[in-house]
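Structure data follow from model_10.cif (mmCIF, C-alpha atoms):
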data_structure
#
loop_
_atom_site.label_atom_id
_atom_site.label_comp_id
_atom_site.auth_asym_id
_atom_site.auth_seq_id
_atom_site.Cartn_x
_atom_site.Cartn_y
_atom_site.Cartn_z
CA MET A 1 -4.36 -24.95 -24.25
CA PRO A 2 -1.59 -25.04 -21.62
CA THR A 3 -2.60 -26.04 -18.07
CA LEU A 4 -1.09 -26.63 -14.64
CA SER A 5 -2.32 -30.17 -14.45
CA GLN A 6 0.36 -32.71 -13.53
CA ALA A 7 0.51 -32.80 -9.71
CA TYR A 8 3.10 -34.36 -7.38
CA THR A 9 2.18 -34.40 -3.69
CA VAL A 10 4.75 -34.46 -0.87
CA GLU A 11 3.36 -35.14 2.61
CA HIS A 12 5.72 -33.72 5.22
CA PRO A 13 5.10 -31.81 8.50
CA SER A 14 7.05 -28.69 7.54
CA ARG A 15 6.34 -25.24 6.13
CA LEU A 16 7.38 -24.05 2.70
CA ILE A 17 10.14 -21.41 2.87
CA CYS A 18 11.16 -20.90 -0.74
CA TYR A 19 11.42 -22.41 -4.19
CA ILE A 20 14.64 -21.61 -6.04
CA HIS A 21 14.71 -24.05 -8.94
CA PRO A 22 15.57 -26.87 -8.68
CA TYR A 23 15.51 -26.67 -4.86
CA ILE A 24 12.50 -26.49 -2.53
CA LEU A 25 13.27 -25.60 1.10
CA THR A 26 10.90 -26.30 4.00
CA TYR A 27 11.12 -25.50 7.73
CA SER A 28 10.25 -28.30 10.15
CA SER A 29 7.45 -28.04 12.70
CA ASP A 30 10.01 -28.46 15.53
CA GLN A 31 11.53 -25.12 14.35
CA ARG A 32 15.05 -26.56 14.26
CA SER A 33 15.57 -28.04 10.81
CA ILE A 34 15.56 -26.86 7.20
CA HIS A 35 14.81 -29.61 4.69
CA VAL A 36 16.04 -29.63 1.08
CA TRP A 37 14.08 -31.14 -1.82
CA MET A 38 14.98 -31.26 -5.50
CA CYS A 39 12.57 -30.93 -8.43
CA THR A 40 13.06 -33.19 -11.44
CA GLU A 41 10.98 -32.81 -14.60
CA GLY A 42 8.36 -35.53 -14.90
CA ALA A 43 8.93 -36.92 -11.40
CA ALA A 44 8.02 -36.26 -7.79
CA PRO A 45 10.47 -34.05 -5.82
CA SER A 46 13.26 -36.04 -4.17
CA TYR A 47 14.33 -35.51 -0.56
CA ASN A 48 17.99 -34.47 -0.19
CA GLY A 49 18.20 -34.12 3.61
CA LYS A 50 18.70 -31.21 6.03
CA LEU A 51 20.96 -28.20 6.17
CA GLU A 52 23.75 -28.75 8.68
CA SER A 53 23.20 -27.78 12.37
CA ASN A 54 20.06 -26.70 14.22
CA LEU A 55 18.73 -23.48 12.71
CA SER A 56 16.35 -20.66 13.43
CA GLU A 57 14.02 -19.94 10.55
CA PRO A 58 16.01 -17.99 7.93
CA VAL A 59 14.91 -14.45 7.16
CA GLU A 60 16.38 -14.54 3.65
CA ILE A 61 17.60 -17.25 1.29
CA HIS A 62 19.49 -16.73 -1.99
CA LEU A 63 20.72 -19.37 -4.43
CA ILE A 64 24.17 -18.10 -5.42
CA SER A 65 25.16 -20.93 -7.76
CA SER A 66 23.89 -24.33 -8.81
CA ASN A 67 25.54 -25.86 -5.73
CA HIS A 68 25.54 -23.14 -3.04
CA LEU A 69 22.94 -21.08 -1.21
CA ILE A 70 23.30 -18.31 1.36
CA THR A 71 20.91 -17.61 4.25
CA ARG A 72 20.49 -14.77 6.72
CA ILE A 73 19.57 -16.27 10.07
CA VAL A 74 18.35 -14.43 13.18
CA SER A 75 18.90 -15.66 16.73
CA GLU A 76 18.34 -14.27 20.24
CA ASP A 77 21.13 -12.41 22.02
CA GLY A 78 19.84 -11.12 25.35
CA ASP A 79 17.53 -8.19 24.73
CA PHE A 80 18.58 -7.98 21.08
CA GLY A 81 18.66 -10.11 17.97
CA MET A 82 21.82 -11.43 16.36
CA HIS A 83 22.02 -12.13 12.66
CA GLU A 84 24.59 -13.86 10.53
CA LEU A 85 25.12 -15.15 7.01
CA VAL A 86 25.64 -18.87 6.45
CA ILE A 87 26.64 -20.45 3.11
CA TYR A 88 25.69 -24.07 2.46
CA GLU A 89 26.87 -26.54 -0.14
CA LEU A 90 24.12 -28.27 -2.10
CA PRO A 91 22.83 -30.90 -2.17
CA SER A 92 24.82 -32.09 0.89
CA GLY A 93 23.65 -29.21 3.13
CA LYS A 94 27.10 -28.83 4.72
CA ILE A 95 28.29 -25.37 5.86
CA SER A 96 30.89 -23.79 3.56
CA ASP A 97 31.36 -20.48 5.39
CA ARG A 98 29.65 -18.02 7.71
CA LEU A 99 29.86 -14.30 8.49
CA LEU A 100 28.56 -12.70 11.69
CA LEU A 101 26.69 -9.45 11.03
CA GLY A 102 26.11 -8.60 14.69
CA ARG A 103 23.23 -7.26 16.77
CA PHE A 104 20.29 -5.40 15.31
CA ASN A 105 17.63 -3.10 16.67
CA ALA A 106 20.25 -1.62 18.99
CA ALA A 107 22.27 1.59 18.98
CA GLY A 108 26.04 1.39 18.90
CA GLU A 109 29.02 0.48 16.81
CA GLY A 110 28.70 -2.69 14.83
CA ASP A 111 25.11 -2.27 13.57
CA SER A 112 25.01 -3.89 10.16
CA SER A 113 22.77 -5.62 7.67
CA LEU A 114 22.72 -7.62 4.46
CA LEU A 115 21.95 -5.18 1.65
CA GLY A 116 21.84 -7.77 -1.11
CA ILE A 117 23.46 -10.48 -3.23
CA ALA A 118 24.73 -9.60 -6.71
CA ASP A 119 26.01 -12.58 -8.72
CA ASP A 120 29.10 -13.77 -6.77
CA THR A 121 29.23 -10.79 -4.40
CA VAL A 122 27.71 -10.30 -0.93
CA VAL A 123 26.96 -6.66 -0.08
CA ILE A 124 26.93 -5.66 3.61
CA TRP A 125 26.02 -2.27 5.12
CA ARG A 126 27.78 -1.26 8.33
CA SER A 127 27.16 1.74 10.57
CA GLY A 128 29.89 3.80 12.20
CA GLY A 129 27.71 4.26 15.30
CA PRO A 130 25.59 7.17 16.54
CA GLY A 131 26.99 10.54 15.47
CA ASN A 132 29.91 8.91 13.68
CA GLY A 133 28.59 9.29 10.16
CA ASP A 134 31.09 6.72 8.88
CA GLU A 135 28.57 4.48 7.14
CA ARG A 136 30.14 2.14 4.63
CA ILE A 137 29.36 -0.87 2.50
CA GLU A 138 31.60 -3.93 2.57
CA THR A 139 31.70 -6.40 -0.31
CA TYR A 140 32.72 -10.05 -0.16
CA LYS A 141 33.45 -12.34 -3.08
CA ILE A 142 32.04 -15.86 -3.01
CA ALA A 143 34.57 -18.41 -4.26
CA GLU A 144 33.61 -21.58 -6.15
CA ASP A 145 33.96 -23.58 -2.94
CA GLY A 146 31.47 -21.28 -1.16
CA THR A 147 33.95 -19.39 1.01
CA LEU A 148 33.89 -15.60 1.49
CA SER A 149 36.76 -13.16 1.01
CA PRO A 150 36.64 -9.34 1.45
CA SER A 151 36.93 -7.32 -1.75
CA GLY A 152 36.91 -3.73 -0.53
CA PRO A 153 34.53 -1.10 0.87
CA LEU A 154 32.20 1.34 -0.89
CA TYR A 155 31.40 4.81 0.44
CA PRO A 156 28.11 6.76 0.49
CA PRO A 157 27.34 10.26 -0.73
CA GLU A 158 28.01 13.06 1.73
CA ASN A 159 25.36 13.25 4.48
CA ALA A 160 23.87 9.92 3.39
CA GLY A 161 23.99 8.83 7.04
CA GLU A 162 21.15 11.22 7.76
CA LYS A 163 18.94 9.11 5.50
CA VAL A 164 20.06 5.71 6.83
CA SER A 165 18.30 3.76 9.59
CA LEU A 166 17.77 0.16 10.61
CA GLY A 167 14.39 -1.46 10.33
CA ARG A 168 12.86 -3.46 13.19
CA ASN A 169 14.08 -6.71 11.64
CA GLY A 170 17.67 -5.51 11.41
CA ASN A 171 17.52 -4.72 7.73
CA PHE A 172 19.10 -1.61 6.35
CA ARG A 173 16.20 0.49 5.03
CA GLY A 174 17.31 0.21 1.46
CA GLU A 175 17.21 -2.06 -1.57
CA LEU A 176 20.14 -2.99 -3.78
CA LEU A 177 19.06 -2.04 -7.31
CA TYR A 178 22.37 -2.56 -9.08
CA PHE A 179 25.95 -3.64 -8.33
CA GLY A 180 28.86 -3.09 -10.73
CA SER A 181 32.61 -2.77 -10.64
CA GLY A 182 33.43 -0.54 -7.67
CA SER A 183 29.95 0.95 -7.30
CA LEU A 184 26.31 0.21 -6.54
CA LEU A 185 22.91 1.86 -6.66
CA GLU A 186 20.67 1.68 -3.59
CA MET A 187 17.16 3.01 -2.98
CA SER A 188 15.61 3.71 0.43
CA SER A 189 12.60 1.50 1.06
CA ASP A 190 10.66 4.11 3.11
CA THR A 191 10.61 7.91 2.94
CA GLU A 192 8.34 10.71 4.19
CA PHE A 193 6.74 13.55 2.25
CA PRO A 194 8.03 15.51 0.37
CA ILE A 195 10.68 12.89 -0.53
CA GLY A 196 9.16 10.16 -2.69
CA VAL A 197 12.44 8.41 -3.54
CA TYR A 198 15.94 8.64 -2.08
CA LEU A 199 18.46 7.11 -4.50
CA SER A 200 22.14 6.69 -3.51
CA HIS A 201 25.15 5.84 -5.65
CA TRP A 202 27.93 4.32 -3.49
CA SER A 203 31.48 4.02 -4.84
CA SER A 204 34.97 2.80 -3.94
CA ASN A 205 36.15 6.31 -4.87
CA ARG A 206 35.20 8.70 -2.05
CA ASP A 207 34.88 11.60 -4.52
CA SER A 208 32.37 10.00 -6.90
CA PRO A 209 29.33 8.97 -4.77
CA ARG A 210 26.16 10.96 -5.38
CA TYR A 211 22.48 10.82 -4.58
CA ARG A 212 19.20 11.85 -6.14
CA ILE A 213 15.88 12.80 -4.57
CA PHE A 214 12.59 12.50 -6.44
CA PRO A 215 9.40 14.11 -5.05
CA PHE A 216 6.04 12.45 -4.46
CA ALA A 217 4.39 11.77 -7.79
CA SER A 218 0.77 11.47 -6.55
CA PHE A 219 0.43 15.11 -5.47
CA ALA A 220 2.40 18.27 -4.64
CA THR A 221 0.67 18.94 -1.29
CA PRO A 222 -0.61 16.18 1.05
CA PRO A 223 -4.42 16.04 1.29
CA ASP A 224 -5.92 17.03 4.66
CA HIS A 225 -2.45 17.91 6.00
CA GLU A 226 -1.82 14.28 6.97
CA GLN A 227 1.62 12.70 7.26
CA TRP A 228 2.26 10.74 4.07
CA VAL A 229 4.91 8.12 3.41
CA SER A 230 6.31 6.47 0.30
CA HIS A 231 6.98 2.73 0.50
CA LEU A 232 8.99 0.78 -2.07
CA CYS A 233 6.80 -2.25 -2.87
CA THR A 234 8.81 -3.89 -5.63
CA TYR A 235 11.22 -3.25 -8.51
CA ILE A 236 12.52 -5.00 -11.60
CA ARG A 237 15.38 -4.55 -14.06
CA SER A 238 14.26 -3.29 -17.45
CA GLY A 239 16.90 -4.43 -19.91
CA THR A 240 20.55 -3.71 -19.07
CA SER A 241 20.28 0.04 -18.63
CA SER A 242 17.24 0.78 -16.42
CA VAL A 243 15.26 -0.28 -13.38
CA VAL A 244 11.50 0.18 -12.84
CA THR A 245 10.32 0.83 -9.27
CA ALA A 246 6.86 0.84 -7.66
CA HIS A 247 6.22 3.15 -4.67
CA TYR A 248 2.97 3.06 -2.72
CA GLU A 249 2.26 6.60 -1.48
CA HIS A 250 -0.25 6.66 1.40
CA PRO A 251 -1.10 8.28 4.76
CA PHE A 252 1.10 7.05 7.60
CA GLY A 253 -0.56 4.20 9.52
CA ILE A 254 -3.75 4.32 7.44
CA ALA A 255 -4.96 1.94 4.73
CA GLU A 256 -5.77 4.09 1.70
CA PRO A 257 -9.18 3.00 0.25
CA ASN A 258 -8.25 4.29 -3.22
CA PRO A 259 -4.56 3.40 -3.47
CA THR A 260 -2.22 4.72 -6.12
CA THR A 261 1.30 3.61 -6.97
CA SER A 262 4.02 5.78 -8.49
CA LEU A 263 5.95 3.84 -11.12
CA ARG A 264 9.33 5.21 -12.20
CA SER A 265 11.90 4.07 -14.74
CA VAL A 266 15.41 5.11 -13.67
CA LYS A 267 18.51 5.05 -15.88
CA LEU A 268 21.23 3.15 -13.99
CA SER A 269 24.24 5.00 -15.40
CA THR A 270 23.06 8.55 -14.59
CA GLN A 271 20.21 8.02 -12.08
CA GLU A 272 18.02 10.18 -14.32
CA LEU A 273 14.31 9.43 -14.76
CA ASN A 274 13.20 7.91 -18.05
CA TRP A 275 9.54 8.29 -17.09
CA THR A 276 7.09 8.47 -14.18
CA ILE A 277 3.44 7.47 -14.08
CA VAL A 278 0.85 7.18 -11.30
CA VAL A 279 -1.53 4.21 -11.58
CA GLU A 280 -4.76 3.45 -9.69
CA GLN A 281 -3.51 0.27 -8.10
CA GLN A 282 -1.48 -0.88 -5.11
CA THR A 283 1.20 -2.61 -7.14
CA ASN A 284 2.91 -5.58 -5.47
CA LYS A 285 4.56 -7.26 -8.46
CA LEU A 286 6.25 -6.16 -11.71
CA CYS A 287 6.96 -8.47 -14.65
CA HIS A 288 9.23 -7.52 -17.55
CA LEU A 289 8.46 -8.94 -21.00
CA PRO A 290 11.40 -7.74 -23.15
CA SER A 291 10.29 -9.51 -26.34
CA TYR A 292 7.05 -7.49 -26.24
CA GLY A 293 8.54 -4.25 -24.90
CA VAL A 294 6.12 -4.07 -21.96
CA ILE A 295 6.02 -4.13 -18.15
CA LEU A 296 3.12 -5.77 -16.29
CA ALA A 297 2.08 -4.16 -12.99
CA ILE A 298 0.04 -6.55 -10.80
CA GLY A 299 -1.75 -5.41 -7.65
CA PHE A 300 -4.86 -4.50 -5.67
CA ASP A 301 -7.56 -2.84 -7.79
CA PRO A 302 -9.63 -0.07 -6.13
CA HIS A 303 -12.33 -0.53 -8.81
CA PRO A 304 -13.31 -4.20 -8.40
CA ILE A 305 -15.49 -6.36 -10.57
CA VAL A 306 -19.07 -6.03 -9.24
CA ASP A 307 -19.61 -9.64 -8.14
CA LYS A 308 -16.32 -10.16 -6.32
CA TRP A 309 -16.65 -12.59 -3.41
CA GLN A 310 -15.75 -11.27 0.02
CA SER A 311 -13.12 -13.99 0.43
CA ILE A 312 -11.12 -12.76 -2.58
CA SER A 313 -10.02 -9.17 -3.17
CA SER A 314 -9.86 -7.65 -6.62
CA LEU A 315 -6.57 -7.62 -8.49
CA SER A 316 -5.74 -6.01 -11.81
CA ILE A 317 -2.94 -6.17 -14.34
CA ILE A 318 -1.81 -2.95 -16.01
CA ILE A 319 0.22 -3.16 -19.23
CA LEU A 320 2.86 -0.42 -19.56
CA ASP A 321 5.01 0.55 -22.52
CA GLU A 322 8.58 -0.12 -21.41
CA ALA A 323 9.96 2.85 -23.38
CA ASN A 324 7.72 5.66 -22.13
CA GLY A 325 5.49 4.26 -19.35
CA SER A 326 2.23 4.83 -21.20
CA ILE A 327 -0.66 2.51 -20.31
CA LYS A 328 -1.46 0.09 -23.14
CA GLY A 329 -4.13 -1.89 -21.32
CA ARG A 330 -5.75 -2.67 -17.97
CA HIS A 331 -7.51 -5.93 -17.08
CA SER A 332 -9.16 -7.05 -13.84
CA ILE A 333 -8.57 -10.64 -12.76
CA HIS A 334 -11.86 -12.52 -12.90
CA LEU A 335 -13.29 -15.01 -10.42
CA PRO A 336 -12.58 -18.74 -10.85
CA GLN A 337 -15.23 -20.99 -12.32
CA TYR A 338 -16.02 -22.59 -8.94
CA PRO A 339 -16.43 -20.46 -5.77
CA CYS A 340 -13.62 -20.79 -3.23
CA SER A 341 -11.73 -18.85 -0.60
CA GLY A 342 -8.36 -17.19 -1.20
CA ILE A 343 -4.72 -18.19 -0.85
CA SER A 344 -4.04 -17.23 2.76
CA ARG A 345 -0.57 -15.73 2.23
CA ALA A 346 -1.25 -14.03 -1.10
CA GLU A 347 -2.16 -10.41 -1.72
CA GLY A 348 -5.91 -10.43 -2.26
CA GLY A 349 -6.00 -14.23 -2.05
CA ILE A 350 -4.81 -14.64 -5.66
CA GLU A 351 -1.36 -15.32 -7.13
CA ALA A 352 -0.37 -14.41 -10.69
CA ASP A 353 3.01 -14.59 -12.42
CA ILE A 354 4.80 -15.25 -15.70
CA MET A 355 5.90 -18.80 -16.51
CA GLY A 356 7.24 -20.89 -19.37
CA SER A 357 8.78 -20.32 -22.77
CA PRO A 358 7.02 -18.89 -24.69
CA GLU A 359 5.69 -16.83 -21.78
CA MET A 360 2.40 -17.69 -20.11
CA LEU A 361 0.42 -15.76 -17.49
CA ALA A 362 -0.56 -18.23 -14.74
CA ILE A 363 -3.23 -17.39 -12.14
CA LEU A 364 -3.83 -19.50 -8.99
CA PHE A 365 -6.75 -19.56 -6.53
CA GLY A 366 -7.16 -20.87 -2.98
CA ASP A 367 -8.45 -24.38 -3.80
CA GLY A 368 -5.80 -24.95 -6.49
CA GLN A 369 -7.95 -23.85 -9.45
CA SER A 370 -5.83 -22.24 -12.15
CA VAL A 371 -5.94 -20.62 -15.54
CA VAL A 372 -2.97 -20.27 -17.91
CA VAL A 373 -3.11 -17.56 -20.58
CA PRO A 374 -0.52 -17.29 -23.41
CA ILE A 375 0.97 -13.83 -23.02
CA ASN A 376 0.56 -12.91 -26.70
CA GLN A 377 -3.19 -13.55 -26.41
CA PHE A 378 -3.40 -11.61 -23.16
CA LEU A 379 -1.67 -8.57 -24.66
CA ALA A 380 -3.96 -8.70 -27.69
CA SER A 381 -7.34 -9.56 -26.12
CA GLY A 382 -6.99 -9.51 -22.33
CA PHE A 383 -8.91 -12.32 -20.64
CA GLU A 384 -11.88 -12.31 -23.01
CA PRO A 385 -11.15 -15.70 -24.66
CA PHE A 386 -10.78 -17.36 -21.25
CA ILE A 387 -14.00 -16.40 -19.47
CA ASN A 388 -17.45 -18.00 -19.58
CA ASP A 389 -20.95 -16.53 -19.89
CA SER A 390 -20.93 -15.73 -16.15
CA GLU A 391 -17.79 -13.59 -16.59
CA HIS A 392 -15.77 -16.14 -14.60
CA PHE A 393 -12.56 -17.82 -15.70
CA ASN A 394 -12.73 -21.25 -17.30
CA THR A 395 -10.39 -22.78 -14.74
CA ALA A 396 -8.64 -26.12 -14.46
CA LEU A 397 -9.23 -28.00 -11.20
CA CYS A 398 -6.33 -29.27 -9.11
CA SER A 399 -7.58 -32.85 -9.01
CA GLY A 400 -4.35 -34.82 -8.76
CA THR A 401 -3.71 -34.35 -5.02
CA LYS A 402 -5.40 -35.54 -1.84
CA PHE A 403 -4.95 -32.01 -0.41
CA GLY A 404 -7.68 -30.90 -2.81
CA ILE A 405 -10.28 -33.11 -1.09
CA PRO A 406 -12.05 -31.83 2.08
CA ARG A 407 -11.11 -34.01 5.06
CA ASN A 408 -14.18 -33.59 7.30
CA SER A 409 -17.75 -32.30 7.46
CA LYS A 410 -16.66 -28.76 8.37
CA GLU A 411 -14.46 -28.48 5.28
CA ARG A 412 -17.17 -30.07 3.11
CA ARG A 413 -19.68 -27.44 4.30
CA GLN A 414 -17.15 -24.69 3.57
CA LYS A 415 -16.66 -26.05 0.07
CA GLU A 416 -20.42 -26.22 -0.54
CA LYS A 417 -20.65 -22.53 0.45
CA GLY A 418 -17.71 -21.60 -1.80
CA ARG A 419 -15.51 -20.65 1.15
CA TRP A 420 -13.02 -23.50 1.26
CA ALA A 421 -9.33 -23.33 0.37
CA TRP A 422 -6.26 -25.42 1.14
CA VAL A 423 -3.45 -23.43 -0.51
CA ASP A 424 -1.41 -21.42 1.99
CA GLN A 425 1.02 -19.95 -0.54
CA ALA A 426 2.06 -20.42 -4.17
CA LEU A 427 5.65 -20.06 -5.42
CA PHE A 428 6.36 -19.89 -9.16
CA GLY A 429 9.20 -21.29 -11.23
CA ASN A 430 9.66 -21.39 -14.98
CA GLN A 431 7.79 -24.67 -15.52
CA GLU A 432 6.42 -25.49 -12.04
CA VAL A 433 4.36 -23.95 -9.26
CA VAL A 434 4.77 -25.14 -5.66
CA LEU A 435 1.61 -24.97 -3.52
CA GLU A 436 1.86 -25.23 0.27
CA CYS A 437 -0.80 -26.97 2.35
CA ARG A 438 -0.01 -25.82 5.90
CA ASP A 439 1.32 -28.53 8.24
CA ARG A 440 0.63 -31.24 5.67
CA GLY A 441 3.17 -30.72 2.89
CA PHE A 442 3.24 -29.29 -0.61
CA VAL A 443 2.22 -29.97 -4.18
CA VAL A 444 4.24 -29.35 -7.35
CA LEU A 445 2.15 -28.51 -10.42
CA SER A 446 3.82 -28.77 -13.81
CA LEU A 447 3.01 -26.64 -16.84
CA THR A 448 1.85 -28.92 -19.66
#

Please go through the file and, once you have read it, give me the structure as structure tokens.
Amino acid sequence: MPTLSQAYTVEHPSRLICYIHPYILTYSSDQRSIHVWMCTEGAAPSYNGKLESNLSEPVEIHLISSNHLITRIVSEDGDFGMHELVIYELPSGKISDRLLLGRFNAAGEGDSSLLGIADDTVVIWRSGGPGNGDERIETYKIAEDGTLSPSGPLYPPENAGEKVSLGRNGNFRGELLYFGSGSLLEMSSDTEFPIGVYLSHWSSNRDSPRYRIFPFASFATPPDHEQWVSHLCTYIRSGTSSVVTAHYEHPFGIAEPNPTTSLRSVKLSTQELNWTIVVEQQTNKLCHLPSYGVILAIGFDPHPIVDKWQSISSLSIIILDEANGSIKGRHSIHLPQYPCSGISRAEGGIEADIMGSPEMLAILFGDGQSVVVPINQFLASGFEPFINDSEHFNTALCSGTKFGIPRNSKERRQKEKGRWAWVDQALFGNQEVVLECRDRGFVVLSLT
């Protein structure tokens, strides 16, 4: 059976930012340097050095080619924040180009934000200022040498400015779903009842933009007359023609004890709905398995397994038919074989994702325990072949790293009580998982 067994430990006083194969980026404890590491199959990660200049911690990082990455960096500017885009050459870490976006969280001309990266194009939203209504999207092409050049604006549907606002972190409240020749599709990340989804088609032709509004899917009238909001949790492309979105619909400012998520499949060319379904889950991840014609929805389960430990919340995986959205299966994630606490920066303390070829479903717990399930077996039998008589997973221990050994009597007592964990976050690649141990370094586990 496949396992995540081969471990390479890197001891370094920095925090894990991202893993974009083959690069691992960490942020130093002095909060001034970003370090670059490279993964090589069958060997420990190699250190490549730092990105050029002293840097604030990046808000976003995108790998735009095998030898360039782009970051959005925030810095202080009086009472406001200032953000800019910086492109770096890899593996040298030298700056190739930069683009100032301007201040955020402030009213006035010049408000702007990174909407997204699409292949070799950077997409920027800019505001015309209060009452101006001249919102526009600028696009920039990224050349092979990592430099930026403007490639023309896109315009929103009429009155789209009424739906546009900046978030507290300077981000445009929207997500780039699709970018094509002379047009893009963008979805607002937050809306209020009765609008469940606000979908905008921007175009270089001022006469062709359009928008669509979809209502709340959970109900027609809010319960108890509360203010309800719809929050875009995640989305994923489904083939070349559609996108599947997950919206958590809940009372404003209140944690819903029985969460539901509205899943929608939207046709990119027409913005028409293929299907809509409401699931009993707070979905935080979607995985597309085109060879099986299914979508996996992973998230918080309001109907947990009875013996769940308090340190780990219950997660479930719902299997959806890609064509019509019908539910083909639902499986709760079981406890690991040995009691432990959760991954501190993971939803519910557990991480799960698709890896490998052929596809595998990998599940990670807070002390590095893992289970790897071939996806064809999961779709056919769920987790049944991988659990023991106690209804717990038969997990593999993470025994190849010193981070997996308690360092003192306090940690040893926590482990004896089943409440110890060392994994701060887990980032998945195709063949590797990177586990962060806060302030100590990280471990790369290989799929074997």

Using all atoms listed in the file, which of A:Asp367, A:Glu175, A:Asp224, A:Glu436 sits nearest Gln414 in chain A?
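Looking only at the distances to Gln414 in chain A, the closest residue turns out to be A:Asp367.
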
I want to know what sits within 8 Å of range 401-407 of chain A, based on all atoms listed in the file, with residues of the same chain fewer than 3 positions away left out; could you give that as a PyMOL selection string?
chain A and resi 7-9+367-368+398+411-412+415+422+437+443

Using only C-alpha atoms for the distances, tell me which of A:Gly348, A:Gly239, A:Pro45, A:Pro251 is nearest to Asn284 in chain A.
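Looking only at the distances to Asn284 in chain A, the closest residue turns out to be A:Gly348.
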
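The shortest atom-to-atom distance to Ile343 in chain A, with only C-alpha atoms taken into account, belongs to A:Leu427 out of A:Val243, A:Ala396, A:Leu85, A:Leu427.
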
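Neighbouring residues of His331 in chain A at 8 Å or closer, counting all atoms listed in the file and skipping chain neighbours under 2 positions away, are Ser316, Ile317, Ile318, Gly329, Ile333, Gly382 and Phe383 of chain A.
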
Report the residues retrieved by the PyMOL selection byres ((chain A and resi 17) around 12) from the displayed file, expressed as a ChimeraX atom specification.
/A:14-16,18-20,23-28,33-37,57-62,71,424-427,434-436,438,441-442

Can you pull out every residue within 10 Å of Met355 in chain A, counting all atoms listed in the file, but drop anything in the same chain fewer than 2 positions away, and send it as JSON, numbers by chain?
{"A": [352, 353, 357, 358, 359, 360, 361, 362, 372, 373, 374, 375, 428, 429, 430, 431, 432, 433, 447]}

Got time to write the residues from that selection, C-alpha atoms, as a short mmCIF file (atom, residue, chain, number, x, y, z; two decimals), in the coordinates of the input?
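Result file is out_34.cif:
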data_model
loop_
_atom_site.label_atom_id
_atom_site.label_comp_id
_atom_site.auth_asym_id
_atom_site.auth_seq_id
_atom_site.Cartn_x
_atom_site.Cartn_y
_atom_site.Cartn_z
CA ALA A 352 -0.37 -14.41 -10.69
CA ASP A 353 3.01 -14.59 -12.42
CA SER A 357 8.78 -20.32 -22.77
CA PRO A 358 7.02 -18.89 -24.69
CA GLU A 359 5.69 -16.83 -21.78
CA MET A 360 2.40 -17.69 -20.11
CA LEU A 361 0.42 -15.76 -17.49
CA ALA A 362 -0.56 -18.23 -14.74
CA VAL A 372 -2.97 -20.27 -17.91
CA VAL A 373 -3.11 -17.56 -20.58
CA PRO A 374 -0.52 -17.29 -23.41
CA ILE A 375 0.97 -13.83 -23.02
CA PHE A 428 6.36 -19.89 -9.16
CA GLY A 429 9.20 -21.29 -11.23
CA ASN A 430 9.66 -21.39 -14.98
CA GLN A 431 7.79 -24.67 -15.52
CA GLU A 432 6.42 -25.49 -12.04
CA VAL A 433 4.36 -23.95 -9.26
CA LEU A 447 3.01 -26.64 -16.84
#

Centre, edges in Å (one decimal): axis-aligned box, range 264-277 of chain A, 5 Å padding on all six sides, as lines of an AutoDock Vina configuration file:
center_x = 13.8
center_y = 6.7
center_z = -15.1
size_x = 30.8
size_y = 17.0
size_z = 16.0

What separation in Å, quoted to one decimal, exists between CA of Arg330 in chain A and CA of Ser188 in chain A?
28.9 Å

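Each of A:Ser242, A:Thr40, A:Thr3, A:Thr283 was checked against Asn394 in chain A using only C-alpha atoms; the smallest atom-to-atom distance is that of A:Thr3.
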
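Across the model, the gap from CA of Val197 in chain A to CA of Thr234 in chain A is 13.0 Å.
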
Can you translate the PyMOL selection byres ((chain A and resi 147) around 10) into the concrete residues it hits in this file, as a list in words?
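Checking the PyMOL selection byres ((chain A and resi 147) around 10) against this file, the residues are Val86, Ile87, Tyr88, Ile95, Ser96, Asp97, Arg98, Leu99, Tyr140, Lys141, Ile142, Ala143, Glu144, Asp145, Gly146, Leu148 and Ser149 of chain A.
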
Top pick for closest residue to Gln281 in chain A, considering A:Arg32, A:Lys410, A:His231, A:His247 and counting all atoms listed in the file:
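That would be A:His247, the residue with the smallest distance to Gln281 in chain A.
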
Can you work out which one of A:Gln271, A:Thr395, A:Ser53, A:Gln6 has the shortest atom-to-atom distance to Tyr198 in chain A, counting all atoms listed in the file?
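Closest to Tyr198 in chain A, using all atoms listed in the file: A:Gln271.
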
Could you state which residues are captured by the PyMOL selection byres ((chain A and resi 116) around 12) in this file, as a VMD selection string?
chain A and resid 60 to 62 64 70 to 72 85 113 to 115 117 to 125 137 to 140 171 to 179 184 to 187

Residue contacts of Phe216 in chain A (12 Å, all atoms listed in the file) excluding same-chain residues fewer than 2 positions away, as a ChimeraX atom specification:
/A:191-198,213-214,218-222,228-231,247-250,260-264,276-278

What is the CA of Arg212 in chain A to CA of Glu135 in chain A distance in Å?
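CA of Glu135 in chain A lies at a distance of 17.8 Å from CA of Arg212 in chain A.
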